[in-house]
Every structure is written in C-alpha cells, then in structure tokens.
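Following: one structure in structure tokens, then a few remarks.
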Amino acid sequence: MSGGFRVVISDLQAASEVFTAESKTLAAVMPVDGPACPDGGSGEINGALQTVTEAIAGLNAQLSAVIAAHGQKLQAAHDNYARTETRLSELCRQLTLAGSGD
C-alpha cells in the first residue's frame, strides 16, 4: 500500500530537474578553493583562515554533489514508474484483446 501517497510521474521529473539545476547553482556560488581569504595580519592566522575557507569550499562541493545525487535518484524513480506504467498499460491491452476474441 502507498500509505495515502500518490506518485505523480511528472512531479518526479520536475523535482529531478530542480535538484539537478540547484546543485549546479550551489556549486557555482563558491570558488573551488573557497571564498576569498581575508588578511589576518600574520602568517599563522592567514594559514588558519585559508584552511577554514578551503574546508568551506569542500563542504559546499560535497553538498552540491549530494543534491545532484538526489536528483539522479528522483530521475531513476521517474524512469522506473514510467516503465512500470507502460508495461501495465501493455498488459491491460493484451488482456483486453485476448478477452474480446480477436
């Protein structure tokens, strides 16, 4: 049973497209090596700030990849439901033709 939820194939497709597009948007807002690093006034502080900004960039890239993966999963769910619907429609057609004596 579906627990009261209905899967709408077009909604899965639309959600997949949004996740894919937004993952690219998120990836584009941050430079690969992180945001600009301010000058902290000493080499030690600058090194620590650089490490933090690089970590931020890495987390942003990871989040973007996770969002893209969810988009791919939504697309796979869409494709699976679409194939199943096609197969069921074909089965119904075959059963209807078999029952009509043709």
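Scheme for the structure tokens: letters A, B, ... for chains in order shown; per-chain residue numbers from 1; ligand numbers from 1 in order shown.
Omitting Gly34 of chain A and its sequence neighbours fewer than 6 positions away, and counting only C-alpha atoms, the residues within 12 Å are Ala27, Ala28, Leu49, Gln50, Thr51, Val52, Thr53, Glu54, Ala55, Ile56, Ala57, Gly58, Leu59, Asn60 and Ala61 of chain A.
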Would you put the residues from that selection into a file with C-alpha atoms, as a CSV table (one decimal), in the first residue's frame?
```csv
chain,number,residue,atom,x,y,z
A,27,ALA,CA,28.4,24.6,-7.0
A,28,ALA,CA,28.7,27.9,-9.0
A,49,LEU,CA,41.8,31.2,7.7
A,50,GLN,CA,42.9,29.6,4.5
A,51,THR,CA,42.3,26.2,6.0
A,52,VAL,CA,38.8,27.2,7.1
A,53,THR,CA,37.9,28.7,3.7
A,54,GLU,CA,39.1,25.6,1.9
A,55,ALA,CA,37.1,23.4,4.2
A,56,ILE,CA,34.0,25.6,3.5
A,57,ALA,CA,34.6,25.1,-0.3
A,58,GLY,CA,34.9,21.3,0.3
A,59,LEU,CA,31.7,21.2,2.2
A,60,ASN,CA,29.9,23.2,-0.4
A,61,ALA,CA,31.1,20.9,-3.2
```
Residues within 7 Å of segment 74-85 of chain A, only C-alpha atoms, excluding chain neighbours under 6 positions, as a list in words: Ile9, Leu12, Gln13, Ala15 and Ser16 of chain A
For those residues, write N, CA and C atoms to a file as a PDB file, in the first residue's frame.
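To be explicit, this is the file written out as selection.pdb:
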```
ATOM      1  N   ILE A   9       4.113  10.960 -11.886  1.00  0.00           N
ATOM      2  CA  ILE A   9       5.336  10.828 -12.662  1.00  0.00           C
ATOM      3  C   ILE A   9       5.895  12.194 -13.058  1.00  0.00           C
ATOM      4  N   LEU A  12       7.832  13.774 -10.226  1.00  0.00           N
ATOM      5  CA  LEU A  12       9.165  13.209 -10.042  1.00  0.00           C
ATOM      6  C   LEU A  12      10.143  13.803 -11.042  1.00  0.00           C
ATOM      7  N   GLN A  13       9.707  13.937 -12.283  1.00  0.00           N
ATOM      8  CA  GLN A  13      10.557  14.524 -13.319  1.00  0.00           C
ATOM      9  C   GLN A  13      10.896  15.971 -12.977  1.00  0.00           C
ATOM     10  N   ALA A  15      10.862  17.455 -10.026  1.00  0.00           N
ATOM     11  CA  ALA A  15      11.727  17.507  -8.843  1.00  0.00           C
ATOM     12  C   ALA A  15      13.161  17.148  -9.211  1.00  0.00           C
ATOM     13  N   SER A  16      13.317  16.155 -10.063  1.00  0.00           N
ATOM     14  CA  SER A  16      14.651  15.762 -10.512  1.00  0.00           C
ATOM     15  C   SER A  16      15.350  16.923 -11.210  1.00  0.00           C
TER      16      SER A  16
END
```
What residues in segment 25-91 of chain A get the DSSP label helix (DSSP H, G or I)? Please answer as number ranges by chain. A: 25-28, 43-91
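What separates atom CA of Asp11 of chain A from atom CA of Ala68 of chain A is a distance of 16.8 Å.
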Looking at A:Asp39, A:Glu22, A:Glu44, A:Asp33, which one is nearest to Leu63 of chain A, with distances taken over only C-alpha atoms?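 Counting only C-alpha atoms, the residue closest to Leu63 of chain A is A:Glu22.
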